[in-house]
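The structure appears below as structure tokens.
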Amino acid sequence: MPLNIAILASGNGSNAQAMMDKAAAGTLDVNIRLVVSNRQGAGVLDRARKVGLPHLVLDHTAWSDRAAYDGALAEVLRKSGAEVIALAGYMRLLSPCFLKAFEGRVINIHPALLPSFAGLHGGADALAYGVSISGCTVHFVEEQMDSGPVIIQAAVPVNAGEDIECLMERLHAMEHRIYPQALQWLAQGRITRAGRQVFLAPGNERRVRSDGDWFVWPPLEENF
Ligand code: GRF
């Protein structure tokens, strides 16, 4: 049985597109029941239209406060039959009420290796800091921004002198792989949680060897 999901996005929607493409190709076992944007004209709406997915705009400026807006949003999502809510560039915090309604069923992608560089500009902040390894994270959503348990992370090396456009392009390319992967694990019922720990069944405990083919950037040279 495919997993019923809804996508919340405020902008371009390239992550949403990756989900749509993989679902259409049959490699991601989800049924995208609804795409919602809080912004009229968001690119994600065109993407949904093109592939014939149900989509709508709920313009947050038409509501008096966040809780009222989130209440309306939760109702629309509940009616869509979505079991999991995937945030894909959704630029608003979700209120406690909303998260309660979909407890443990809201996930997000962030363009940095959390818990470093949480916030609106994770990729740019990491670059400005001068990290040599950046990355992206898919995580469960909790009340505090970018704070929930991690499902999957990808490390992405930063090239010396690289500008933000170039880094974001490579981050996005990884995002488009790890986000559908996380959803597929959820669809397969392979993800469980114990507090902040997230487990993937069958076990992912024994895959990293102690002699270390770990990711180091810039790469280690001979004798090290
Ligand atoms: C991504 O970089 C994601 O990590 C962040 O918002 C951006 C959305 O990009 N949460 P897109 O709209 O999916 O292209």
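Chain labels A, B, ... are given in the sequence in which chains occur in the structure tokens; within each chain residues are numbered consecutively from 1, and ligands are likewise numbered from 1 in the order shown.
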What lies within 12 Å of His172 in chain A using only C-alpha atoms, ignoring chain neighbours under 2 positions off, as a PyMOL selection string?
-> chain A and resi 12-18+88-89+109-112+123+134-137+154-156+164-170+174-179
Would you kindly return, as a VMD selection string, each protein, DNA or RNA residue with an atom no farther than 8 Å from any atom of Met91 in chain A, considering only C-alpha atoms and excluding same-chain residues fewer than 5 positions away?
-> chain A and resid 9 to 10 120
To one decimal in Å, tell me the separation between CA of Gln40 in chain A and CA of Val138 in chain A.
-> 26.0 Å
Could you pull out the strand (DSSP E) residues of range 41-130 of chain A from DSSP and send them as a list in words?
->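 The residues of range 41-130 of chain A classed as strand (DSSP E) are His55, Leu56, Val57, Val84, Ile85, Ala86, Leu87, Val106, Ile107, Asn108, Ile109 and His110 of chain A.
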Between CA of Ile85 in chain A and CA of Ala62 in chain A, measure the distance and give it in Å to one decimal.
->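 Distance between the two atoms: 22.2 Å.
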Hey, what's within 12 Å of Trp217 in chain A if we count only C-alpha atoms and toss same-chain stuff fewer than 2 positions away? As a list in words, please?
->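 Non-adjacent residues within range: Val131, Ser132, Ile133, Ser134, Ala155, Val156, Pro157, Val158, Asn159, Ala160, Trp214, Phe215, Pro219, Leu220 and Glu221 of chain A.
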Would you list, as a list in words, the residues of range 45-100 of chain A that end up in alpha helix (DSSP H) under DSSP run on this structure's backbone?
->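 Across range 45-100 of chain A, those assigned alpha helix (DSSP H) are Leu45, Asp46, Arg47, Ala48, Arg49, Lys50, Arg66, Ala67, Ala68, Tyr69, Asp70, Gly71, Ala72, Leu73, Ala74, Glu75, Val76, Leu77, Arg78, Lys79, Ser80, Pro96, Cys97, Phe98, Leu99 and Lys100 of chain A.
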Name all residues at most 9 Å from Leu183 in chain A (count only C-alpha atoms; drop same-chain ones fewer than 6 positions away) and give them as an MDAnalysis selection string.
-> chainID A and resid 3 19 28:30 84 86 107
Can you work out which one of A:Arg33, A:Arg92, A:Lys100, A:Arg193 has the shortest atom-to-atom distance to ligand 1, counting only C-alpha atoms and all ligand atoms?
->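 The answer is A:Arg92, which sits nearest to ligand 1.
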Using only C-alpha atoms and all ligand atoms, pick whichever of A:Leu94, A:Leu113, A:Leu58, A:Met1 has the shortest atom-to-atom distance to ligand 1.
-> A:Leu113
Do you know which residues are at most 6 Å from Leu87 in chain A counting only C-alpha atoms, after dropping those on the same chain fewer than 6 positions away, and could you put them as a PyMOL selection string?
-> chain A and resi 7-8+108
Report as CSV the residues of range 1-44 of chain A within 12 Å of range 64-73 of chain A, each with its shortest atom pair and distance in Å (one decimal), using only C-alpha atoms, ordered by chain and increasing residue number.
residue,atom,partner,partner_atom,distance
A:Ala6,CA,A:Leu73,CA,11.2
A:Ile7,CA,A:Leu73,CA,11.7
A:Leu8,CA,A:Leu73,CA,9.8
A:Leu34,CA,A:Leu73,CA,11.5
A:Val35,CA,A:Leu73,CA,11.4
A:Val36,CA,A:Leu73,CA,8.6
A:Ser37,CA,A:Leu73,CA,10.1
A:Asn38,CA,A:Leu73,CA,9.5
Those residues with C-alpha atoms, as a PDB file, in the first residue's frame please?
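The result, stored in part-v4.pdb:
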ATOM      1  CA  ALA A   6       1.019  15.836   1.353  1.00  0.00           C
ATOM      2  CA  ILE A   7       3.703  18.341   0.447  1.00  0.00           C
ATOM      3  CA  LEU A   8       3.922  21.838   1.947  1.00  0.00           C
ATOM      4  CA  LEU A  34      -2.145  17.199  -2.026  1.00  0.00           C
ATOM      5  CA  VAL A  35       0.411  19.949  -2.599  1.00  0.00           C
ATOM      6  CA  VAL A  36      -0.173  23.108  -0.547  1.00  0.00           C
ATOM      7  CA  SER A  37       1.623  26.411  -0.803  1.00  0.00           C
ATOM      8  CA  ASN A  38       1.178  29.428   1.419  1.00  0.00           C
TER       9      ASN A  38
END
Nearest to Gly81 in chain A by atom-to-atom distance, counting only C-alpha atoms, from A:Leu114, A:Thr61, A:Ile191, A:Ile32 |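 Using only C-alpha atoms, Gly81 in chain A sits closest to A:Ile32.
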